[in-house]
Amino acid sequence: MSDAAQAGTPRMNMIQAINSAMDVMMERDPNMVVMGEDVGYFGGVFRATAGLQAKYGKTRAFDTPITEIGIIGVAIGMGAYGLRPVPEIQFADYIYPALDQLVSEAARLRYRSNGDFTSPITVRSPYGGGIFGGQTHSQSPEGIFTHVSGIKTVIPSTPYDAKGLLIAAIEDNDPVLFLEPKRIYNGPFDGHYDRPARNWTAHPASEVPAGHYRVELGKAATVREGEAVTILCYGTMVHVVASTVEEMGVDAEIIDLRTLVPLDIDAIEASVKKTGRCMIVHEATRTSGFGAELAALVQERCFYHLEAPIERVTGFDTPYPHSLEWAYFPGPVRIGEALKKILKD
Amino acid sequence: MSDAAQAGTPRMNMIQAINSAMDVMMERDPNMVVMGEDVGYFGGVFRATAGLQAKYGKTRAFDTPITEIGIIGVAIGMGAYGLRPVPEIQFADYIYPALDQLVSEAARLRYRSNGDFTSPITVRSPYGGGIFGGQTHSQSPEGIFTHVSGIKTVIPSTPYDAKGLLIAAIEDNDPVLFLEPKRIYNGPFDGHYDRPARNWTAHPASEVPAGHYRVELGKAATVREGEAVTILCYGTMVHVVASTVEEMGVDAEIIDLRTLVPLDIDAIEASVKKTGRCMIVHEATRTSGFGAELAALVQERCFYHLEAPIERVTGFDTPYPHSLEWAYFPGPVRIGEALKKILKD
Amino acid sequence: MDAPRANLPPLSLHVPEPKFRPGDEADFSDVDVPPAGSARRPDTADKADSFHELAYTLIRVLDDAGQAVGPWNPRLDADALRKMLRSMALTRAFDERMFRAQRQGKTSFYMKSTGEEAVSVAATMAMASDDMCFPSYRQQGILLTRGYPLVDMMNQIYSNSADPLQGRQLPIMYSSKDYGFFSISGNLTTQYPQAVGWAMASAAKGDTRIAATWCGDGSTAEGDFHSAMIFATVYKAPVILNVVNNQWAISSFSGFAGAEATTFAARAIGYGIAGLRVDGNDALAVYAATQWAAERARTNQGPTLIEHFTYRTEGHSTSDDPTAYRSAGEPTAWPLGDPIRRLKDHLVAIGEWDEERQAAMDRECAEEVKRAQKEAEKNGILGHGMHQPFETMFEGVFEDIPWHLKEQQQQMIAERKAAGI
Amino acid sequence: MDAPRANLPPLSLHVPEPKFRPGDEADFSDVDVPPAGSARRPDTADKADSFHELAYTLIRVLDDAGQAVGPWNPRLDADALRKMLRSMALTRAFDERMFRAQRQGKTSFYMKSTGEEAVSVAATMAMASDDMCFPSYRQQGILLTRGYPLVDMMNQIYSNSADPLQGRQLPIMYSSKDYGFFSISGNLTTQYPQAVGWAMASAAKGDTRIAATWCGDGSTAEGDFHSAMIFATVYKAPVILNVVNNQWAISSFSGFAGAEATTFAARAIGYGIAGLRVDGNDALAVYAATQWAAERARTNQGPTLIEHFTYRTEGHSTSDDPTAYRSAGEPTAWPLGDPIRRLKDHLVAIGEWDEERQAAMDRECAEEVKRAQKEAEKNGILGHGMHQPFETMFEGVFEDIPWHLKEQQQQMIAERKAAGI
Ligand SMILES: Cc1ncc(C[n+]2csc(CCOP(=O)(O)OP(=O)(O)O)c2C)c(N)n1
Ligand SMILES: Cc1ncc(C[n+]2csc(CCOP(=O)(O)OP(=O)(O)O)c2C)c(N)n1
Ligand SMILES: [Mg+2]
Ligand SMILES: [Mg+2]
C-alpha cells in the first residue's frame with residue numbers, strides 16, 4: 001500500500017472518481033447542475049451520478065426527456081443564464097441527434113456573440129467498445145468534435161485523471177466534451193479479453209484525493225519514458241499500449257494525450273524528436289480519425305527527425321461488429337505487429 | 001469554340017449541369033425523386049431543381065417541411081421501399097440536425113441488416129464560402145463524413161464532372177453525400193475576389209453532354225501534370241490552386257480528388273512518388289479536416305519519397321467570419337506562401 | 001444573475017416524480033379506467049378533428065367478465081382469437097427462455113416484452129402480411145406472429161455462425177425484409193420518419209401497402225418523432241404510428257416524456273391527425289384500433305397515432321433491476337391486467353377455450369422454443385468461436401469493398417496469422 | 001415492389017399546394033376571421049386543457065371601426081399606445097432603409113419584418129425589460145422597442161469597425177445580453193430549447209425573470225421545436241413560445257409545415273400546455289396574449305404557446321423575389337390588414353392621434369434612421385476596408401487563444417505582410 005493510501009487517500013474506480021468530481025463541484029458551485037437520461041433518481045445507467053440527486057435536490061440533478069437535442073439545447077440556455085450545466089449523453093453513440101446544438105450553438109456562441117454569451121457546459125458521455133455493446137454502444141466519435149472550432153475534447157485514462165480533468169472541464173468557461181472510456185470504468189484493461197478482469201485497486205492512479213484538485217486541460221502525461229518510439233494514445237488504449245509494450249520489452253515512450261483539443265503539441269514534438277519514430281493508437285475508425293490529425297501534425301513538425309513512417313493503429317472502417325468485437329478492437333496483436341514494423345522500418 | 005461545342009454539346013454552368021443530371025436520371029428511372037426545402041415549385045434557392053416539378057410532377061419533385069431529420073429519415077424510408085431519393089439540404093451548414101439519420105441510419109443500414117435493406121440515397125448540398133454567407137452559409141463539413149463508415153463523399157469542381165459524378169452518385173446503391181462548391185456554381189473562381197467574376201463559358205469543362213454519362217466515383221483527375229510538387233485539392237480550391245500555380249510558374253501536379261471516400265489512392269501515390277513533395281489544400285477548418293487524413297496516408301505510403309514535410313493549406317480553426325471572409329479563405333497568398341515553403345524545404 | 005424582484009413571487013422548477021418509489025406500496029386506484037365498450041367508434045372517413053375525445057379516453061373491448069363489448073369489438077372468429085392467444089403465449093415463452101439464455105452467459109443482452117405482447121401481436125394480425133413494420137426493440141411479437149423462424153431469431157440473439165445478420169448487430173436487433181420487418185436501430189425513434197417515408201413512397205407509387213411503426217413513451221421526445229408527425233400530416237402518409245406507453249423508459253417514468261400534462265395520443269391532435277388511446281393490454285382493442293387505422297390509411301385518409309396504454313412488467317433489459325427505481329408492487333397492482341390472461345378469459349367465457357387447452361398450449365410453446373433453442377445452439381452461442389468468418393466484417397459496409405477496406409481486411413487476416421489464431 | 005393488390009384502391013400521395021401561384025388572383029374570402037372581442041379570456045390560473053378552443057380561433061381586440069373590444073382588451077393608456085405605434089413605425093423605417101442599403105451594395109444581406117411589426121413590438125412591451133428574449137431573425141422590433149441604439153444595429157449590419165459583434169456574424173444576427181436579446185443563430189429553431197433552458201434555470205434559481213422565444217411557421221418543423229415543447233411541458237418552464245405564422249417559409253407556404261391539417265397553436269394541445277391563437281396584426285391582441293402568458297409563467301403555471309397569425313408582406317430576404325412563387329396580389333388582399341395602420345386607426349378613433357401627428361412621426365422615424373445610418377457609415381460599410389483588425393478573427397473561439405490558433409494568427413499576419421497588404 002502506498003503512502004498516499006495509508007494517509008487516507010481513498011481508492012476509487014473511474015466511475016467513483018467521476019462521481020466525486022461532480023460531487024465536489026456541486027458542493028463548491030451552487031450553479032452547477034447535472035442532467036440527462038436516467039441520471040437523477042437512478043444515478044445514471046453507469047451510476048456516475050449516483051447520490052447527487054439525494055444530496056443536492058431535484059433541481060440540481062435531474063432526469064430529462066429522451067431528446068439529446070433538448071438535453072444540449074436546454075443546457076446551453078441554462079449556461080447562458082449563468083448556470084454551469086454538466087449534461088450526460090447516455091452513450092456517445094447517441095450524441096449525433098445533438099450535433100447541431102453542439103456544433104452550431106455551444107461551440108459557436110462565444111464567437112458569434114463576441115463574448116456576450118458563452119456556453120460553459122461539460123458534456124459527459126461514455127464511449128468506446130470492448131463491452132459487447134454492438135454498433136450503437138461502442139463508438140468513438142471524438143474525431144468529429146476535434147474538427148469543430150470552439151469545443152474542447154477531453155478523454156481520461158485513469159481515476160485520478162478522470163476526476164482532475166472533469167473538475168478542470170467543469171471549471172472551464174468553454175464547452176467541453178468529456179468522453180469516458182467505459183471499458184475501463186471498473187478496471188484497467190490490457191486488451192487481453194480472455195484473461196480475468198482486474199479492478200482499479202492495484203493501480204496507483206486509483207488513489208484519488210477526496211477533495212478538489214485539477215488536472216490541467218491541454219497537458220499530456222508521459223506514461224512511460226523511452227527511446228525507441230513514441231506512442232500517442234488516450235483512453236482505454238493507454239492501458240493496452242502500456243501492457244503490450246511491457247510484454248514485448250520495447251523501450252517505447254508512451255504519451256497519454258488526455259486532451260485532444262487543445263493538444264499538448266510540445267510534449268508530442270519533444271518526444272518524437274527524441275525517438276525518431278511515432279505510432280498512434282486509437283479505437284475509433286481509421287479514416288479521418290484523430291490519428292490522422294496527429295500524423296499530419298507530427299510529420300509537419302518532426303519531418304527531419306522521423307526515421308520511419310508514422311504508424312496508425314486503429315479500429316477498422318466498419319461499424320463495431322457485435323460478435324467479432326475482438327477482431328475489431330485494436331488489441332495487443334495489432335499494436336504488436338505495428339510496433340515490430342515501425343521498429344524495423 | 002471547340003469542336004464539341006460546335007457539334008452541339010451545350011455549355012452549362014454548374015447549376016445547369018447538376019439540374020441536367022437530375023433531369024436525365026428522372027427521365028430514365030421512374031423511382032428517382034427529388035425533395036427538400038424549396039426544391040419543388042420554386043426549384044431550389046440556387047435553382048438546382050428548377051423545372052423538375054413541372055416536368056415530373058409533385059410526387060417526384062416536392063417541397064418538404066423544414067426538418068433535416070425528416071428529410072433524410074423520410075428519404076431513407078423511401079429508399080428502403082425501392083425509390084431512389086435525392087434529397088437536398090439547403091446549405092451544408094444545416095446538415096447537422098440530420099447527422100444521426102445519416103450516420104446511424106443511412107450509412108449503417110446495409111451493414112446492420114446484412115444487405116436486407118439498403119439506402120441508395122444521394123444527399124445534395126451546397127457548401128463552402130466565398131459568397132459572404134457568414135458562419136452559417138459557408139461551412140465545409142466534408143471531413144466529418146469521411147470519418148463515417150458506409151457513406152461516400154463526392155465533390156465536383158466543374159460542370160462536366162458535376163453532372164457525371166452526380167449521375168454516378170445517384171446510380172450508386174450506397175448513400176452518397178454530394179457536396180456542391182457554391183462559390184463556383186456560376187463560374188470558376190481563382191481566389192482573386194477583387195477581380196471581375198468570370199462565368200463558365202470559357203472553361204472547357206462547361207461543355208456538358210445533354211444526355212446520360214457517368215464520371216466514375218473514386219477516381220481523381222489530374223488537372224495539371226508537373227514534376228515539382230503534388231497538390232491535392234477538390235471543389236473551389238482546384239481553381240484557386242491552378243491559377244496560383246500558373247501565376248507563380250511552378251511546375252506542380254494538381255490532382256482534383258473528386259471523390260473523398262473512396263479515395264483514389266493510386267493516383268495520389270503515383271504522383272507524390274514522382275514529385276517527392278505534397279501539398280494539400282482545402283477550405284475547411286484545419287484540425288482533423290480531410291487534409292489530415294490525406295497527409296497521414298501520403299506519409300504512410302510515400303515516406304521514403306518525400307523530400308519535404310507535407311504542407312496543409314486550409315481554412316483557419318475559427319468559424320467563417322463575415323467581414324474577414326477573404327482573410328479566412330485559403331486564397332492565392334496562402335497557397336503561394338506554402339508553395340514557396342515546400343519548394344524551398 | 002440579478003437579485004429577484006421583490007414584488008414578484010419567486011419562480012420554482014417543477015421536476016416530475018413518479019407516484020411510487022422502492023419501498024412504497026403501489027396504488028393505482030386513481031388511474032382512470034373507463035368501462036369497456038364506452039368509447040364511440042367514428043367512421044374511418046371522419047375528419048380527425050371530429051373525435052378528439054378518443055385521444056383522452058381508453059378504447060376497451062374486453063370487459064371484466066371476459067366479454068367483448070361495444071362498437072370497437074372486432075368480432076373475430078374463435079380461430080383468429082386462438083391464433084392471437086398463441087402468438088402472445090409464444091412471445092412470452094420466447095422471452096422467458098432467451099432472458100434465461102442471457103443470464104446463462106450465452107449472449108450479451110436481451111429485452112423482454114412481458115405484459116406488452118398484445119401491442120405487437122394483435123396489431124400485426126390486423127394488418128396485411130405485406131404491410132411494412134418499422135418496430136422498436138420491443139416488438140418481437142410481430143415476427144413471431146408472422147411466422148418468422150424462431151431458430152433464426154435465436155441465431156441472431158446468439159450472433160452465431162447462422163445469424164442472418166452475420167453477428168453484426170446487438171441481440172434482438174432483427175431485420176427481415178421478407179417478413180416486412182425493418183432493421184431495428186439502436187438509436188431511438190429513427191424508424192419513425194423512415195416509416196413515414198416508406199408509406200409516402202408506397203402512396204406515390206399507387207401501391208396498396210401501408211406502413212406501421214412503434215416507439216416507446218420515452219422515445220416520443222426525440223426530434224425524429226416530431227419530424228415523422230410533420231411529414232405524416234403534411235403528405236397524409238398511409239402509416240400507423242404506434243406509441244407503446246408502458247410508462248417507463250429505463251428508470252424514468254413517463255412524466256419525463258410529458259405524461260403528467262396530457263396523453264401521448266393527444267400529440268396527434270397537435271398535428272391535426274387522427275389519435276386513438278387504447279387499452280394496450282386488451283388484444284381486441286389493439287386489433288380493432290389497428291384495423292380502423294389501417295382502413296383510414298388504405299383509403300387515403302392519412303395517418304393515425306395510436307397510444308397503447310400498457311405497463312412494462314419487467315426490467316428495461318437484462319442490464320437493469322427495476323426494483324432500484326420503482327415500487328416492487330407495481331407490476332401486480334397495475335389495473336389493466338395481463339393481456340394473455342385477459343384474452344384467454346375471453347375465449348373461456350365464450351366457450352372456445354379451457355384451462356387444459358391453455359396449459360397444453362403453454363407446454364407446446366415452451367417445447368417449440370426449447371427445440372428451436374437446441375437447434376440454434378448447434379450454430380454456436382456468443383463468444384464461443386462459432387461465428388461468421390472474420391473476413392465478413394468488411395463486407396456490407398458498401399455494396400462493393402473499396403480498397404481501404406480490402407487493405408484492412410488483409411491486415412486483419414495477417415494479424416490473426418501472426419498471432420497464431 | 002410488388003404489383004398493387006387488385007382488390008384495394010391504389011394509394012395516392014397528397015402534396016400540399018398553396019391556393020395562389022404567380023398569375024392567380026389572391027382571394028382570402030375563405031379565411032375565417034372571427035369578430036374582435038369574441039374569444040373568451042380564461043383566468044391565467046386555469047388549466048391548459050380547459051380552453052382548447054383558443055388554439056383554433058383568433059384572439060382579436062381591434063374591431064373594424066378601430067375600437068378595442070372584448071375581454072382581451074389590455075386597456076393601455078394612450079402614451080403606451082403611442083409608444084407602441086412609434087416602435088412599430090421605427091421598425092418599418094429601419095427595415096426600409098437597411099433593405100435599401102443592401103441594394104446599394106453596402107452590405108451582403110438583409111431581412112425585413114414588414115407587416116409583422118406587432119409581433120415583436122407589442123410582445124416586448126408586455127414583458128418586463130429584464131425578461132430574456134430568444135428571437136429568430138425577424139424580431140428586430142424587440143431591440144428597437146427596448147431602445148437598443150440604431151447605430152449599433154447598423155454597425156452590425158455593415159460588419160464595420162464598430163460592429164459590436166466584430167464583423168463575425170451575418171447582418172441582422174444581433175446579440176445583446178444587456179438588452180435581454182439572445183444571440184441570433186443562422187440555424188433555425190435552435191433558440192427554442194435554449195429559451196426553455198434559460199427559463200428552467202431562472203425557475204431553479206427562484207428568480208422572477210421569464211423567457212420568450214420566437215420562430216417562424218416553417219421552423220416549427222425542426223426537431224428543436226419538439227424538444228423545447230417537451231422540456232417546457234415536463235418542467236413547467238416559465239417561457240412564452242411564439243410561433244410567427246406569416247404563412248411563408250421562403251417559397252414554401254405553411255401547408256408544408258402542417259397548416260392544412262390544423263393550427264400551429266394546436267401544437268400546444270398536443271403537449272398539454274396552454275395555446276393561444278392571436279391576430280398577429282392586432283398589436284393589442286398580441287400585447288394582451290403576451291401579458292396573459294407572462295402572468296401564467298410568473299405564477300408557475302408553466303409555458304404558453306402563442307401562434308401569431310400574420311402575413312409576410314415582402315420577400316423572405318434580400319435574396320429572393322416572392323412574385324416567383326406566389327400571387328403578387330396576396331399582400332394587399334390579405335384580410336388582417338397592416339398592424340401599424342390598425343393601431344393608428346385605433347388611436348385616431350379614440351381621439352388620441354391624427355394624420356398630422358402620424359405624418360410627423362413617420363418623418364421623425366425616417367430622420368432618426370437616416371441620422372443613425374450616417375453615423376454608422378462613418379465606421380465603414382461591408383467590404384470597404386473598415387472592419388475589425390484581422391487578428392481579432394482568432395479571438396473568442398475560446399476564452400483563451402490556444403497555441404494552434406496563435407500559430408494560425410501568426411500565419412495570417414505573415415501572409416498579409418508577404419502579400420504587402
Ligand atoms: C438516441 C438514443 N438515446 C438514448 C438511448 C438509450 N436508451 C435505450 S432504450 C431507452 C429508453 C426508451 O424508453 P421507451 O421509449 O419508453 O421504450 P421502452 O424501453 O419502454 O419500450 C434509452 C434512453 C438510445 N438507445 N438512443
Ligand atoms: C437548420 C436550418 N435549415 C434551413 C435553413 C434555411 N432557411 C432559412 S430561413 C428558412 C425559412 C424559415 O421560414 P419560417 O420559419 O416560416 O420563418 P420566416 O422566414 O417566415 O420568418 C429556411 C428554410 C436554416 N437557416 N437552418
Ligand atoms: Mg417505455
Ligand atoms: Mg414563415
# chains A, B, ... in the order shown; residues from 1 in each chain; ligands from 1

call {"tool": "residues_near_ligand", "arguments": {"ligand": "ligand 4", "cutoff": "9 Å", "atoms": "only C-alpha atoms and all ligand atoms", "output": "list in words"}}
result
Cys215, Gly216, Asp217, Gly218, Ser219, Val243, Val244, Asn245, Asn246, Gln247, Trp248, Ala249, Ile250, Ser252, Phe253, Ser254, Tyr311, Arg312 and His316 of chain D

call {"tool": "residues_around", "arguments": {"residues": "region 136-144 of chain C", "least_positions_apart": "5", "cutoff": "7 Å", "atoms": "only C-alpha atoms", "output": "list in words"}}
result
Ser87, Met88, Thr91, Met111, Lys112, Ser113, Glu117, Ser120, Val121, Thr124, Ile172, Met173, Ile184, Trp214 and Cys215 of chain C

call {"tool": "write_last_selection", "arguments": {"atoms": "all heavy atoms", "output": "CSV table (one decimal), in the first residue's frame"}}
result
chain,number,residue,atom,x,y,z
C,87,SER,N,-49.9,-16.7,-30.4
C,87,SER,CA,-48.7,-15.8,-30.7
C,87,SER,C,-48.2,-15.1,-29.5
C,87,SER,O,-47.0,-14.9,-29.3
C,87,SER,CB,-49.1,-14.9,-31.8
C,87,SER,OG,-49.3,-15.6,-33.0
C,88,MET,N,-49.2,-14.6,-28.7
C,88,MET,CA,-48.8,-13.9,-27.5
C,88,MET,C,-48.1,-14.9,-26.5
C,88,MET,O,-47.1,-14.5,-25.9
C,88,MET,CB,-50.0,-13.3,-26.8
C,88,MET,CG,-50.6,-12.2,-27.6
C,88,MET,SD,-51.6,-11.0,-26.6
C,88,MET,CE,-53.0,-11.9,-26.3
C,91,THR,N,-44.7,-15.6,-27.7
C,91,THR,CA,-43.8,-14.5,-27.5
C,91,THR,C,-43.3,-14.5,-26.0
C,91,THR,O,-42.1,-14.3,-25.7
C,91,THR,CB,-44.5,-13.1,-27.7
C,91,THR,OG1,-45.0,-13.2,-29.1
C,91,THR,CG2,-43.6,-12.0,-27.5
C,111,MET,N,-33.9,-8.3,-24.2
C,111,MET,CA,-35.0,-7.4,-23.8
C,111,MET,C,-36.4,-8.2,-23.9
C,111,MET,O,-36.7,-8.6,-25.0
C,111,MET,CB,-35.1,-6.2,-24.7
C,111,MET,CG,-33.9,-5.3,-24.5
C,111,MET,SD,-34.0,-3.8,-25.6
C,111,MET,CE,-34.3,-2.6,-24.4
C,112,LYS,N,-37.1,-8.2,-22.9
C,112,LYS,CA,-38.4,-8.9,-22.9
C,112,LYS,C,-39.5,-7.9,-23.2
C,112,LYS,O,-39.4,-6.7,-23.1
C,112,LYS,CB,-38.7,-9.4,-21.5
C,112,LYS,CG,-37.9,-10.6,-21.1
C,112,LYS,CD,-38.1,-10.9,-19.6
C,112,LYS,CE,-38.2,-12.4,-19.4
C,112,LYS,NZ,-38.6,-12.7,-17.9
C,113,SER,N,-40.6,-8.4,-23.6
C,113,SER,CA,-41.8,-7.6,-23.9
C,113,SER,C,-43.0,-8.0,-23.0
C,113,SER,O,-44.1,-7.7,-23.3
C,113,SER,CB,-42.2,-7.7,-25.4
C,113,SER,OG,-42.6,-9.0,-25.7
C,117,GLU,N,-47.4,-8.0,-24.9
C,117,GLU,CA,-47.5,-8.8,-26.1
C,117,GLU,C,-48.6,-8.4,-27.1
C,117,GLU,O,-48.5,-8.6,-28.3
C,117,GLU,CB,-47.7,-10.3,-25.7
C,117,GLU,CG,-46.4,-10.9,-25.0
C,117,GLU,CD,-46.5,-10.7,-23.5
C,117,GLU,OE1,-47.3,-9.9,-23.0
C,117,GLU,OE2,-45.6,-11.3,-22.8
C,120,SER,N,-47.9,-5.8,-30.0
C,120,SER,CA,-47.3,-6.2,-31.3
C,120,SER,C,-48.2,-7.3,-32.0
C,120,SER,O,-48.4,-7.2,-33.2
C,120,SER,CB,-45.9,-6.6,-31.2
C,120,SER,OG,-45.7,-7.5,-30.1
C,121,VAL,N,-48.6,-8.3,-31.2
C,121,VAL,CA,-49.3,-9.4,-31.8
C,121,VAL,C,-50.6,-9.0,-32.5
C,121,VAL,O,-50.9,-9.3,-33.6
C,121,VAL,CB,-49.5,-10.6,-30.8
C,121,VAL,CG1,-50.4,-11.6,-31.4
C,121,VAL,CG2,-48.1,-11.1,-30.4
C,124,THR,N,-50.3,-6.7,-35.5
C,124,THR,CA,-49.8,-7.4,-36.7
C,124,THR,C,-50.9,-8.2,-37.3
C,124,THR,O,-51.1,-8.2,-38.6
C,124,THR,CB,-48.7,-8.4,-36.3
C,124,THR,OG1,-47.7,-7.7,-35.6
C,124,THR,CG2,-48.1,-9.1,-37.5
C,172,ILE,N,-31.4,-9.1,-30.6
C,172,ILE,CA,-32.7,-8.7,-30.8
C,172,ILE,C,-32.9,-7.6,-31.8
C,172,ILE,O,-34.0,-7.2,-32.1
C,172,ILE,CB,-33.4,-8.2,-29.5
C,172,ILE,CG1,-32.9,-6.9,-29.0
C,172,ILE,CG2,-33.3,-9.3,-28.4
C,172,ILE,CD1,-33.9,-6.1,-28.2
C,173,MET,N,-31.8,-7.1,-32.4
C,173,MET,CA,-32.0,-6.1,-33.4
C,173,MET,C,-32.2,-6.7,-34.8
C,173,MET,O,-31.5,-6.5,-35.8
C,173,MET,CB,-30.7,-5.2,-33.5
C,173,MET,CG,-30.4,-4.5,-32.2
C,173,MET,SD,-31.4,-3.0,-31.9
C,173,MET,CE,-30.9,-2.6,-30.3
C,184,ILE,N,-34.0,-3.2,-37.0
C,184,ILE,CA,-34.1,-2.4,-35.8
C,184,ILE,C,-32.8,-1.6,-35.6
C,184,ILE,O,-31.7,-2.1,-35.7
C,184,ILE,CB,-34.4,-3.3,-34.6
C,184,ILE,CG1,-35.7,-4.0,-34.8
C,184,ILE,CG2,-34.4,-2.4,-33.3
C,184,ILE,CD1,-36.0,-5.0,-33.7
C,214,TRP,N,-43.5,1.7,-34.4
C,214,TRP,CA,-43.7,1.6,-33.0
C,214,TRP,C,-42.6,2.4,-32.3
C,214,TRP,O,-41.4,2.3,-32.7
C,214,TRP,CB,-43.7,0.2,-32.5
C,214,TRP,CG,-44.8,-0.7,-32.8
C,214,TRP,CD1,-45.8,-1.0,-31.9
C,214,TRP,CD2,-45.2,-1.3,-34.0
C,214,TRP,NE1,-46.8,-1.8,-32.5
C,214,TRP,CE2,-46.4,-2.0,-33.8
C,214,TRP,CE3,-44.6,-1.3,-35.3
C,214,TRP,CZ2,-47.0,-2.7,-34.9
C,214,TRP,CZ3,-45.2,-2.1,-36.3
C,214,TRP,CH2,-46.4,-2.8,-36.1
C,215,CYS,N,-42.9,3.1,-31.3
C,215,CYS,CA,-41.8,3.6,-30.4
C,215,CYS,C,-42.4,3.6,-29.0
C,215,CYS,O,-43.6,3.5,-28.7
C,215,CYS,CB,-41.3,4.9,-30.8
C,215,CYS,SG,-42.2,6.4,-30.3

call {"tool": "closest_atom_pairs", "arguments": {"of": "chain B", "to": "ligand 2", "cutoff": "9 Å", "atoms": "only C-alpha atoms and all ligand atoms", "output": "CSV"}}
result
residue,atom,partner,partner_atom_place_in_ligand_line,distance
B:Glu37,CA,ligand 2,23 (C),5.9
B:Asp38,CA,ligand 2,23 (C),7.5
B:Pro65,CA,ligand 2,23 (C),8.6
B:Ile66,CA,ligand 2,23 (C),5.9
B:Thr67,CA,ligand 2,3 (N),7.0
B:Glu68,CA,ligand 2,3 (N),6.8
B:Ile89,CA,ligand 2,4 (C),7.6
B:Gln90,CA,ligand 2,4 (C),6.1
B:Phe91,CA,ligand 2,4 (C),7.1
B:Asp93,CA,ligand 2,1 (C),7.7
B:Tyr94,CA,ligand 2,1 (C),4.5
B:Ile95,CA,ligand 2,1 (C),7.4
B:Tyr96,CA,ligand 2,1 (C),7.9
B:Pro97,CA,ligand 2,1 (C),6.8
B:Thr136,CA,ligand 2,25 (N),7.7
B:His137,CA,ligand 2,25 (N),8.4

call {"tool": "interface_residues", "arguments": {"of": "chain C", "to": "chain B", "cutoff": "8 Å", "atoms": "only C-alpha atoms", "output": "PyMOL selection string"}}
result
chain C and resi 164-166+168-169+174-177+182-183+185+187+190-202+204+223-224+227-228+230-231+395-399+402-404

call {"tool": "interface_residues", "arguments": {"of": "chain A", "to": "chain B", "cutoff": "8 Å", "atoms": "only C-alpha atoms", "output": "number ranges by chain"}}
result
A: 96-100, 103, 108, 111, 143-144, 146-150, 285-290, 292-296, 299-301, 303, 308-311, 317-319

call {"tool": "write_last_selection", "arguments": {"atoms": "C-alpha atoms", "output": "PDB file, in the first residue's frame"}}
result
ATOM      1  CA  TYR A  96     -25.445  12.643 -33.085  1.00  0.00           C
ATOM      2  CA  PRO A  97     -29.010  13.925 -32.606  1.00  0.00           C
ATOM      3  CA  ALA A  98     -27.479  16.720 -30.527  1.00  0.00           C
ATOM      4  CA  LEU A  99     -24.773  17.533 -33.018  1.00  0.00           C
ATOM      5  CA  ASP A 100     -26.332  20.706 -34.319  1.00  0.00           C
ATOM      6  CA  VAL A 103     -21.551  22.356 -33.264  1.00  0.00           C
ATOM      7  CA  ARG A 108     -20.059  28.954 -31.724  1.00  0.00           C
ATOM      8  CA  TYR A 111     -17.549  33.688 -31.095  1.00  0.00           C
ATOM      9  CA  GLY A 143     -12.571  12.751 -34.155  1.00  0.00           C
ATOM     10  CA  ILE A 144     -15.680  14.579 -35.286  1.00  0.00           C
ATOM     11  CA  THR A 146     -11.853  17.748 -32.814  1.00  0.00           C
ATOM     12  CA  HIS A 147     -12.781  19.186 -36.216  1.00  0.00           C
ATOM     13  CA  VAL A 148     -15.213  21.667 -34.659  1.00  0.00           C
ATOM     14  CA  SER A 149     -13.739  25.019 -33.668  1.00  0.00           C
ATOM     15  CA  GLY A 150     -14.881  26.154 -30.258  1.00  0.00           C
ATOM     16  CA  THR A 285     -12.382   4.051 -37.164  1.00  0.00           C
ATOM     17  CA  ARG A 286      -9.232   4.877 -39.064  1.00  0.00           C
ATOM     18  CA  THR A 287     -10.144   7.237 -41.894  1.00  0.00           C
ATOM     19  CA  SER A 288     -10.229  10.846 -40.710  1.00  0.00           C
ATOM     20  CA  GLY A 289      -9.939   9.740 -37.105  1.00  0.00           C
ATOM     21  CA  PHE A 290      -7.957  11.897 -34.708  1.00  0.00           C
ATOM     22  CA  ALA A 292      -4.902  11.420 -38.974  1.00  0.00           C
ATOM     23  CA  GLU A 293      -4.540  14.851 -37.394  1.00  0.00           C
ATOM     24  CA  LEU A 294      -1.798  13.592 -35.117  1.00  0.00           C
ATOM     25  CA  ALA A 295       0.074  12.042 -38.031  1.00  0.00           C
ATOM     26  CA  ALA A 296      -0.273  15.232 -40.049  1.00  0.00           C
ATOM     27  CA  GLN A 299       5.172  14.932 -39.887  1.00  0.00           C
ATOM     28  CA  GLU A 300       4.775  18.691 -40.238  1.00  0.00           C
ATOM     29  CA  ARG A 301       6.836  19.363 -37.126  1.00  0.00           C
ATOM     30  CA  PHE A 303       9.776  15.587 -40.509  1.00  0.00           C
ATOM     31  CA  ALA A 308      10.101   5.661 -40.299  1.00  0.00           C
ATOM     32  CA  PRO A 309       6.576   6.382 -41.448  1.00  0.00           C
ATOM     33  CA  ILE A 310       4.189   7.261 -38.681  1.00  0.00           C
ATOM     34  CA  GLU A 311       2.043   4.222 -37.952  1.00  0.00           C
ATOM     35  CA  ASP A 317     -13.509   1.438 -41.067  1.00  0.00           C
ATOM     36  CA  THR A 318     -16.585  -0.618 -40.326  1.00  0.00           C
ATOM     37  CA  PRO A 319     -19.317  -0.326 -37.741  1.00  0.00           C
TER      38      PRO A 319
END
